[in-house]
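Novice: For reference, this is work.txt, and it has compact mmCIF, C-alpha atoms.
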# COMPACT_ATOMS: atom_id res chain seq x y z
CA MET A 1 8.30 14.19 17.84
CA ILE A 2 11.04 16.46 16.51
CA TYR A 3 12.44 16.74 13.00
CA GLN A 4 16.11 17.17 12.23
CA LEU A 5 16.99 18.84 8.95
CA TYR A 6 19.90 17.63 6.82
CA LYS A 7 21.34 17.96 3.33
CA THR A 8 21.83 15.10 0.90
CA LEU A 9 25.05 14.54 -1.01
CA ASP A 10 23.69 16.58 -3.91
CA ASP A 11 22.59 19.36 -1.55
CA LYS A 12 18.87 18.63 -1.47
CA ASN A 13 16.86 19.55 1.60
CA ALA A 14 15.73 16.63 3.71
CA ALA A 15 14.65 15.78 7.23
CA TYR A 16 14.43 12.82 9.55
CA THR A 17 12.55 11.94 12.68
CA VAL A 18 12.39 9.08 15.13
CA ASN A 19 8.90 7.61 15.34
CA GLU A 20 7.09 6.44 18.46
CA ASP A 21 7.95 2.80 17.72
CA GLY A 22 11.66 3.58 17.43
CA SER A 23 11.78 3.41 13.66
CA MET A 24 13.42 6.29 11.82
CA THR A 25 11.83 8.09 8.87
CA SER A 26 13.81 10.32 6.51
CA PHE A 27 12.66 12.04 3.36
CA LEU A 28 13.37 14.63 0.73
CA PHE A 29 11.32 17.79 0.61
CA ASP A 30 9.18 16.32 -2.12
CA GLU A 31 5.48 17.17 -2.18
CA ASN A 32 4.56 13.62 -3.23
CA ASN A 33 6.21 12.03 -0.21
CA PRO A 34 3.63 11.39 2.54
CA ASP A 35 6.20 11.90 5.28
CA TYR A 36 7.05 15.32 3.89
CA GLN A 37 3.33 16.13 3.87
CA ALA A 38 3.14 15.09 7.53
CA TYR A 39 6.18 17.29 8.22
CA LEU A 40 4.40 20.28 6.62
CA LYS A 41 1.37 19.71 8.88
CA TRP A 42 3.73 19.57 11.85
CA LEU A 43 5.17 22.93 10.80
CA GLU A 44 1.65 24.36 10.44
CA LYS A 45 1.13 23.68 14.14
CA GLY A 46 3.92 26.11 14.92
CA ASN A 47 6.71 23.60 15.45
CA THR A 48 10.31 24.28 14.46
CA PRO A 49 12.78 21.61 13.25
CA GLU A 50 16.35 21.26 14.40
CA PRO A 51 18.63 22.99 11.88
CA ALA A 52 20.97 21.06 9.65
CA THR A 53 24.49 20.64 10.92
CA THR A 54 27.34 21.53 8.63
CA MET B 1 -23.82 -41.29 -18.90
CA ALA B 2 -22.32 -38.54 -20.96
CA LEU B 3 -24.04 -35.21 -21.48
CA ILE B 4 -23.57 -33.97 -25.03
CA LEU B 5 -24.57 -30.48 -26.11
CA SER B 6 -24.83 -30.00 -29.86
CA GLY B 7 -26.39 -27.66 -32.36
CA SER B 8 -25.58 -24.16 -33.51
CA SER B 9 -28.80 -22.22 -33.13
CA ALA B 10 -28.89 -21.64 -29.38
CA ASN B 11 -26.65 -21.41 -26.34
CA ALA B 12 -26.89 -23.98 -23.59
CA THR B 13 -28.09 -22.34 -20.40
CA LEU B 14 -27.50 -23.48 -16.84
CA ASP B 15 -30.52 -22.06 -15.04
CA SER B 16 -29.98 -23.42 -11.56
CA SER B 17 -28.17 -21.42 -8.90
CA ALA B 18 -26.80 -24.70 -7.59
CA GLY B 19 -24.24 -24.70 -10.35
CA LEU B 20 -22.67 -27.61 -12.21
CA THR B 21 -21.11 -30.54 -10.34
CA PHE B 22 -18.35 -32.54 -12.02
CA SER B 23 -17.35 -36.19 -11.61
CA ASP B 24 -14.73 -35.29 -8.99
CA SER B 25 -17.52 -33.69 -6.91
CA SER B 26 -16.23 -30.20 -7.60
CA ASN B 27 -18.90 -27.61 -8.20
CA GLN B 28 -18.77 -24.54 -10.40
CA SER B 29 -21.50 -22.05 -9.67
CA ALA B 30 -20.29 -19.15 -11.80
CA ALA B 31 -18.73 -18.82 -15.20
CA ALA B 32 -14.96 -18.98 -15.12
CA SER B 33 -13.29 -15.81 -16.27
CA PRO B 34 -11.35 -16.22 -19.51
CA TYR B 35 -8.92 -13.57 -18.30
CA VAL B 36 -5.59 -14.20 -16.63
CA LEU B 37 -4.67 -11.74 -13.88
CA LYS B 38 -8.22 -10.48 -14.05
CA ASN B 39 -8.24 -8.68 -10.69
CA ARG B 40 -7.08 -5.09 -11.13
CA ILE B 41 -7.02 -4.59 -7.36
CA ILE B 42 -3.60 -5.31 -5.86
CA ASN B 43 -3.54 -7.05 -2.49
CA GLY B 44 -7.31 -7.54 -2.48
CA ALA B 45 -6.80 -10.49 -0.13
CA MET B 46 -4.90 -8.25 2.36
CA VAL B 47 -2.01 -10.70 2.45
CA ILE B 48 0.82 -8.19 2.06
CA ASP B 49 1.32 -5.92 5.05
CA GLN B 50 4.86 -4.56 4.79
CA ARG B 51 4.22 -1.54 6.99
CA ASN B 52 2.65 -3.21 10.00
CA ASN B 53 3.04 -6.97 9.54
CA GLY B 54 -0.30 -7.57 11.21
CA ALA B 55 0.09 -5.05 14.03
CA ALA B 56 -2.76 -2.67 14.82
CA GLN B 57 -2.55 0.83 13.39
CA THR B 58 -4.24 3.98 14.62
CA ILE B 59 -6.06 5.79 11.83
CA THR B 60 -5.92 9.37 13.05
CA ALA B 61 -8.96 11.42 12.13
CA GLY B 62 -8.31 13.68 9.18
CA THR B 63 -5.34 11.72 7.86
CA TYR B 64 -5.00 9.22 5.01
CA PRO B 65 -2.39 6.68 6.07
CA TYR B 66 -1.50 3.59 4.09
CA THR B 67 -2.36 0.37 5.88
CA VAL B 68 -1.93 -3.07 4.31
CA ASP B 69 -0.11 -2.63 1.03
CA ARG B 70 -1.83 -0.52 -1.63
CA TRP B 71 -4.75 0.40 0.67
CA PHE B 72 -5.05 3.74 2.44
CA ALA B 73 -7.59 4.50 5.11
CA SER B 74 -9.33 7.57 6.39
CA SER B 75 -11.50 8.47 9.33
CA THR B 76 -13.45 11.48 10.41
CA GLY B 77 -14.83 12.37 13.80
CA ALA B 78 -12.50 10.19 15.85
CA ASN B 79 -9.41 8.03 15.66
CA VAL B 80 -10.13 4.40 14.83
CA THR B 81 -8.01 1.26 14.70
CA GLY B 82 -7.23 -0.79 11.61
CA GLN B 83 -5.52 -4.15 11.48
CA ARG B 84 -4.97 -7.13 9.25
CA VAL B 85 -6.73 -10.02 10.95
CA ALA B 86 -6.94 -13.75 10.40
CA GLY B 87 -9.52 -14.86 7.89
CA THR B 88 -11.65 -17.94 7.74
CA ASN B 89 -11.70 -20.97 5.46
CA SER B 90 -9.57 -20.32 2.37
CA ASN B 91 -9.15 -16.64 3.18
CA THR B 92 -5.93 -16.26 5.13
CA TYR B 93 -6.53 -12.63 6.01
CA ASN B 94 -9.08 -9.84 6.11
CA TYR B 95 -8.71 -6.21 7.07
CA GLN B 96 -10.70 -4.96 10.02
CA PHE B 97 -11.53 -1.56 11.47
CA THR B 98 -12.65 -1.15 15.06
CA GLY B 99 -14.96 1.80 15.51
CA ALA B 100 -14.84 4.46 18.21
CA ALA B 101 -17.29 6.90 19.75
CA GLY B 102 -17.66 10.00 17.61
CA THR B 103 -16.67 8.37 14.35
CA THR B 104 -18.63 9.71 11.39
CA LEU B 105 -16.81 7.95 8.54
CA ILE B 106 -14.22 5.25 7.95
CA GLY B 107 -12.85 4.85 4.44
CA PHE B 108 -10.75 2.13 2.80
CA ASN B 109 -9.39 3.10 -0.57
CA GLN B 110 -7.18 1.99 -3.41
CA ARG B 111 -5.92 3.93 -6.41
CA ILE B 112 -5.39 1.70 -9.43
CA GLU B 113 -2.51 2.86 -11.62
CA SER B 114 -3.52 3.99 -15.10
CA TYR B 115 -1.44 1.26 -16.74
CA ASN B 116 -3.61 -1.32 -14.98
CA ILE B 117 -7.03 0.10 -15.80
CA ALA B 118 -6.76 2.04 -19.08
CA ASP B 119 -7.77 -0.95 -21.19
CA LEU B 120 -11.08 -1.18 -19.28
CA ALA B 121 -12.10 2.46 -19.78
CA GLY B 122 -15.41 2.57 -21.62
CA THR B 123 -16.43 -0.92 -20.48
CA THR B 124 -18.48 -2.39 -17.66
CA VAL B 125 -16.54 -3.84 -14.75
CA THR B 126 -17.62 -5.70 -11.63
CA LEU B 127 -16.52 -4.80 -8.13
CA SER B 128 -16.86 -7.56 -5.57
CA ALA B 129 -15.76 -7.90 -1.96
CA ASN B 130 -16.47 -9.65 1.29
CA PHE B 131 -17.91 -7.51 4.05
CA ALA B 132 -19.14 -7.98 7.60
CA ASN B 133 -20.12 -5.34 10.12
CA THR B 134 -21.13 -5.93 13.72
CA LEU B 135 -22.80 -2.52 14.08
CA LEU B 136 -23.88 -1.10 10.73
CA THR B 137 -25.85 -2.57 7.85
CA THR B 138 -24.72 -0.33 5.01
CA VAL B 139 -21.34 -0.24 3.27
CA TYR B 140 -20.98 2.49 0.65
CA TRP B 141 -18.72 2.62 -2.38
CA GLN B 142 -17.78 5.22 -4.95
CA THR B 143 -15.38 5.45 -7.87
CA THR B 144 -13.28 8.38 -9.04
CA TYR B 145 -10.86 9.04 -11.86
CA PRO B 146 -8.13 11.69 -11.90
CA SER B 147 -8.11 14.53 -14.41
CA ALA B 148 -4.51 13.80 -15.32
CA GLN B 149 -2.75 10.47 -15.48
CA ASP B 150 -2.33 9.10 -11.94
CA ASN B 151 -2.59 12.60 -10.50
CA TYR B 152 -5.53 13.10 -8.13
CA THR B 153 -5.03 16.82 -7.57
CA SER B 154 -8.23 17.17 -9.59
CA SER B 155 -10.65 14.27 -9.99
CA THR B 156 -14.19 13.25 -10.96
CA THR B 157 -16.44 10.94 -8.97
CA PHE B 158 -18.64 9.13 -11.46
CA ALA B 159 -20.40 6.23 -9.74
CA SER B 160 -21.55 5.29 -6.27
CA GLY B 161 -23.77 2.83 -4.46
CA SER B 162 -24.13 0.74 -1.35
CA PHE B 163 -24.40 -2.80 -0.06
CA THR B 164 -26.69 -3.99 2.71
CA VAL B 165 -24.48 -6.10 4.92
CA SER B 166 -24.71 -8.17 8.07
CA SER B 167 -22.40 -9.41 10.80
CA THR B 168 -21.65 -12.51 8.71
CA LEU B 169 -18.83 -12.16 6.20
CA THR B 170 -20.54 -12.33 2.82
CA LYS B 171 -19.58 -11.59 -0.77
CA TYR B 172 -21.25 -8.60 -2.44
CA SER B 173 -20.86 -7.24 -5.95
CA THR B 174 -21.93 -4.42 -8.22
CA GLN B 175 -21.43 -3.42 -11.83
CA ILE B 176 -19.77 -0.14 -12.77
CA ALA B 177 -19.65 1.52 -16.19
CA LEU B 178 -16.19 3.02 -16.51
CA PRO B 179 -16.04 6.29 -18.48
CA SER B 180 -13.21 7.10 -20.84
CA GLY B 181 -11.61 9.21 -18.11
CA ALA B 182 -10.78 6.05 -16.20
CA ALA B 183 -7.87 5.66 -18.61
CA ASN B 184 -6.13 8.12 -16.27
CA GLY B 185 -6.50 5.75 -13.33
CA LEU B 186 -9.25 4.69 -10.95
CA MET B 187 -9.81 5.13 -7.24
CA ILE B 188 -12.08 2.69 -5.44
CA GLN B 189 -13.43 4.06 -2.17
CA ILE B 190 -15.30 1.85 0.27
CA TYR B 191 -16.67 3.44 3.40
CA VAL B 192 -19.05 3.25 6.32
CA LEU B 193 -20.52 6.09 8.35
CA ALA B 194 -21.07 6.18 12.11
CA GLN B 195 -18.96 3.20 13.14
CA THR B 196 -19.07 4.29 16.76
CA SER B 197 -18.32 0.81 18.01
CA GLY B 198 -18.03 -2.72 16.71
CA THR B 199 -15.97 -3.87 13.75
CA TRP B 200 -16.05 -3.59 9.97
CA THR B 201 -14.32 -6.44 8.14
CA ILE B 202 -13.23 -6.39 4.49
CA GLY B 203 -11.71 -9.10 2.32
CA ASN B 204 -11.21 -10.46 -1.19
CA VAL B 205 -11.74 -7.18 -3.01
CA GLN B 206 -11.80 -7.68 -6.77
CA LEU B 207 -12.37 -5.45 -9.78
CA GLU B 208 -12.66 -7.31 -13.07
CA ILE B 209 -13.88 -6.87 -16.59
CA GLY B 210 -17.50 -7.79 -17.40
CA SER B 211 -20.78 -8.02 -15.56
CA SER B 212 -20.17 -11.18 -13.57
CA ALA B 213 -18.53 -11.47 -10.16
CA THR B 214 -16.35 -14.50 -10.80
CA PRO B 215 -14.47 -16.31 -8.03
CA PHE B 216 -11.75 -14.30 -6.32
CA GLU B 217 -8.42 -14.56 -8.08
CA ARG B 218 -5.68 -15.86 -5.81
CA ARG B 219 -2.23 -14.79 -6.84
CA LEU B 220 0.96 -16.45 -5.64
CA TYR B 221 2.50 -14.70 -2.64
CA ASN B 222 5.68 -13.74 -4.45
CA GLN B 223 3.69 -12.30 -7.35
CA GLU B 224 1.52 -10.18 -5.09
CA LEU B 225 4.53 -9.04 -3.05
CA ALA B 226 6.23 -7.89 -6.24
CA ASN B 227 3.03 -6.12 -7.30
CA CYS B 228 3.00 -4.28 -3.97
CA GLN B 229 6.69 -3.43 -3.98
CA ARG B 230 6.30 -1.41 -7.15
CA TYR B 231 4.58 1.07 -4.80
CA LEU B 232 6.45 0.30 -1.57
CA PRO B 233 9.90 -1.17 -2.22
CA SER B 234 11.42 -2.93 0.77
CA SER B 235 14.83 -4.30 1.64
CA GLY B 236 13.27 -7.24 3.44
CA THR B 237 14.36 -8.47 6.85
CA THR B 238 17.40 -10.51 5.95
CA SER B 239 20.77 -9.35 7.23
CA ASN B 240 22.17 -8.21 3.91
CA TYR B 241 25.35 -6.19 3.81
CA TYR B 242 25.53 -3.29 1.39
CA ALA B 243 28.91 -2.15 0.12
CA GLY B 244 29.60 1.56 0.35
CA VAL B 245 32.31 4.13 0.79
CA SER B 246 33.27 6.55 3.55
CA THR B 247 33.47 10.23 2.74
CA SER B 248 34.87 11.25 6.14
CA THR B 249 35.57 9.76 9.53
CA THR B 250 31.87 9.93 10.38
CA ASN B 251 30.00 9.69 7.08
CA ALA B 252 29.49 6.99 4.50
CA TYR B 253 27.14 6.19 1.65
CA ALA B 254 25.81 2.83 0.50
CA PRO B 255 23.61 1.89 -2.46
CA ILE B 256 20.71 -0.50 -1.86
CA PRO B 257 19.03 -2.24 -4.82
CA LEU B 258 15.24 -2.23 -4.96
CA PRO B 259 13.54 -5.64 -5.26
CA VAL B 260 11.44 -4.56 -8.25
CA PRO B 261 11.50 -1.36 -10.31
CA ALA B 262 9.54 1.25 -8.40
CA ARG B 263 6.63 3.14 -9.96
CA VAL B 264 8.58 6.34 -9.42
CA ALA B 265 11.92 6.94 -7.75
CA PRO B 266 11.56 6.76 -3.95
CA THR B 267 12.03 9.98 -1.99
CA GLY B 268 12.46 8.64 1.53
CA ILE B 269 12.91 5.66 3.80
CA THR B 270 11.60 4.29 7.06
CA ILE B 271 13.96 1.90 8.75
CA ALA B 272 12.66 -0.30 11.52
CA SER B 273 13.89 0.18 15.06
CA GLY B 274 17.19 -1.54 15.68
CA THR B 275 20.94 -1.26 15.90
CA TYR B 276 22.71 -0.82 12.56
CA TYR B 277 26.38 -0.97 11.77
CA TRP B 278 29.03 0.33 9.45
CA LEU B 279 31.81 -2.23 8.97
CA ASN B 280 34.86 -0.19 8.00
CA GLY B 281 37.70 -1.32 5.77
CA SER B 282 39.78 -2.25 8.80
CA GLY B 283 37.20 -4.78 9.85
CA THR B 284 35.81 -2.80 12.76
CA GLN B 285 32.04 -2.64 13.09
CA ASN B 286 30.60 0.56 14.60
CA THR B 287 27.01 1.50 15.24
CA ALA B 288 25.41 3.76 12.67
CA THR B 289 22.36 5.80 11.90
CA VAL B 290 20.94 5.84 8.39
CA VAL B 291 18.86 8.31 6.41
CA PHE B 292 17.71 8.59 2.80
CA ASN B 293 20.01 10.25 0.32
CA SER B 294 18.82 9.64 -3.24
CA ALA B 295 17.19 7.03 -5.47
CA GLY B 296 16.33 5.95 -8.96
CA TYR B 297 13.72 3.44 -10.11
CA GLN B 298 15.86 0.43 -9.31
CA GLY B 299 18.10 1.47 -6.48
CA ALA B 300 18.58 3.94 -3.66
CA MET B 301 21.50 5.29 -1.70
CA VAL B 302 21.47 5.79 2.02
CA GLN B 303 23.54 8.20 4.07
CA ILE B 304 25.26 6.71 7.10
CA THR B 305 26.56 8.46 10.19
CA THR B 306 29.00 6.43 12.22
CA THR B 307 32.40 6.55 13.89
CA GLY B 308 35.79 5.20 12.98
CA ALA B 309 35.39 5.56 9.24
CA THR B 310 38.22 6.60 6.93
CA LEU B 311 37.87 8.97 4.01
CA GLY B 312 37.84 7.05 0.75
CA GLN B 313 37.76 3.65 2.39
CA ALA B 314 35.22 1.04 1.37
CA GLY B 315 32.97 -0.53 3.96
CA LEU B 316 29.75 -2.42 4.49
CA PHE B 317 26.46 -1.14 5.83
CA ASN B 318 24.70 -3.72 7.96
CA PRO B 319 21.04 -2.94 8.77
CA ASN B 320 21.20 -5.96 11.06
CA GLY B 321 17.90 -7.40 9.88
CA ALA B 322 15.92 -4.18 10.08
CA THR B 323 13.56 -3.70 7.16
CA ILE B 324 13.97 -0.55 5.10
CA LEU B 325 10.81 0.69 3.40
CA PHE B 326 11.32 3.11 0.52
CA THR B 327 8.60 5.73 0.45
CA GLY B 328 7.12 8.16 -2.05
CA CYS B 329 6.12 5.63 -4.71
CA GLU B 330 2.43 5.26 -3.86
CA LEU B 331 -0.22 6.92 -5.99
Kindly present the structure from the file in structure tokens form.
Specialist:
Amino acid sequence: MIYQLYKTLDDKNAAYTVNEDGSMTSFLFDENNPDYQAYLKWLEKGNTPEPATT
Amino acid sequence: MALILSGSSANATLDSSAGLTFSDSSNQSAAASPYVLKNRIINGAMVIDQRNNGAAQTITAGTYPYTVDRWFASSTGANVTGQRVAGTNSNTYNYQFTGAAGTTLIGFNQRIESYNIADLAGTTVTLSANFANTLLTTVYWQTTYPSAQDNYTSSTTFASGSFTVSSTLTKYSTQIALPSGAANGLMIQIYVLAQTSGTWTIGNVQLEIGSSATPFERRLYNQELANCQRYLPSSGTTSNYYAGVSTSTTNAYAPIPLPVPARVAPTGITIASGTYYWLNGSGTQNTATVVFNSAGYQGAMVQITTTGATLGQAGLFNPNGATILFTGCEL
């Protein structure tokens, strides 16, 4: 699993990833979003996301 | 022969556990609840399963994933499997965990929103549910309220107990005195310990006012789906087209209405595997990828990456039947 960072239209930080079943999950960096919480745990393991493209 | 009860000095009492049988042969063995929409548990019958649609789900140890709608699970010691399974008789579905070696706890939990429990704070309620377990004989429960409204960062556990269960699916119940703090919300936690093998089955969970476990309240499918979508809005699986606009040759944005107002504005999406399209204003349909952009309580906007778009040109986003789940609304 790898996360790709991106910016929303109003310049908020967000990320997306492709799940094992082929579905795609995307989310804002919002502490109440469970996918963002999973992303933080992924970071804690020493992983690095793909940077946002401009 | 008619049975007439009269007088004002005493209540009539039905003292047989066999209940009361009417002329149409129907039998009522418990007092009917005078309350409409009495069950404060949403999806207690496990009917709504927007995330997995009946597929098995791995509950990874140390995580708290949502399973069937409104219910989140937990496990410690080992990964276990959870799945909505077929029920028996009038119960269409149950939820079932399959244990694994090393498991020390499996939990099944629901947080009731404050709006749906505040009126019962300071009263006695009854929790009832069907349980079966092919390995263990004890199912535990406990109840917790958050220190702030619907915010479980800090919480207080105020009641707990257990049921002695068997491998036959059977209804159990207990009474719980809700403290005033339950006006902030209520979390019901049901759990078993060393489920190292075998299965634990759960169904027809109900929390209602009073000291009597009345028959399980069956809500119409569309009502329960709407109840669930307040916490997990979904686009559904129909091939809707959503009008949007291109902001470059490769980017476009499209608003998607939510089926019911969400509890809070969504902050993400999960779109099922598939091939999606952006139909540009020239009538050409190109494949697309889609991510979350923004949302309010009643609608969200997705961000589309495609080819062949034209700046400022309207177009249609076609998820091609793939369901979009809007996340971040659960308690």
Novice: Pull the neighbourhood of (-21.5, 8.6, -9.3) for me: all residues within 10 Å in file coordinates, counting only C-alpha atoms, as a ChimeraX atom specification.
Specialist: /B:141-144,156-161,176
Novice: Would you work out the distance separating atom CA of B:Asn130 from atom CA of B:Tyr221, expressed in Å to one decimal?
Specialist: 20.0 Å
Novice: If we count all atoms listed in the file, what is near stretch 33-37 of chain A at a cut-off of 8 Å, once residues fewer than 5 positions away on the same chain are taken out, given as a list in words?
Specialist: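 Surrounding residues, per the criterion: Thr25, Ser26, Phe27 and Leu28 of chain A; Thr267, Gly268, Thr327, Gly328 and Cys329 of chain B.
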Novice: For the residues in the current selection, export C-alpha atoms as an mmCIF file, in the frame of the given file.
Specialist:
data_model
loop_
_atom_site.group_PDB
_atom_site.id
_atom_site.type_symbol
_atom_site.label_atom_id
_atom_site.label_comp_id
_atom_site.auth_asym_id
_atom_site.auth_seq_id
_atom_site.Cartn_x
_atom_site.Cartn_y
_atom_site.Cartn_z
ATOM 1 C CA THR A 25 11.830 8.090 8.870
ATOM 2 C CA SER A 26 13.810 10.320 6.510
ATOM 3 C CA PHE A 27 12.660 12.040 3.360
ATOM 4 C CA LEU A 28 13.370 14.630 0.730
ATOM 5 C CA THR B 267 12.030 9.980 -1.990
ATOM 6 C CA GLY B 268 12.460 8.640 1.530
ATOM 7 C CA THR B 327 8.600 5.730 0.450
ATOM 8 C CA GLY B 328 7.120 8.160 -2.050
ATOM 9 C CA CYS B 329 6.120 5.630 -4.710
#
Novice: Which is closer to chain B than all the others in A:Thr8, A:Tyr39, A:Thr53, A:Phe29, using only C-alpha atoms?
Specialist: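 Smallest separation from chain B among the options: A:Thr8.
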Novice: Please determine, counting only C-alpha atoms, which residue among B:Leu178, B:Ser197, B:Asn204, B:Phe163 has the shortest atom-to-atom distance to B:Leu135.
Specialist: B:Ser197
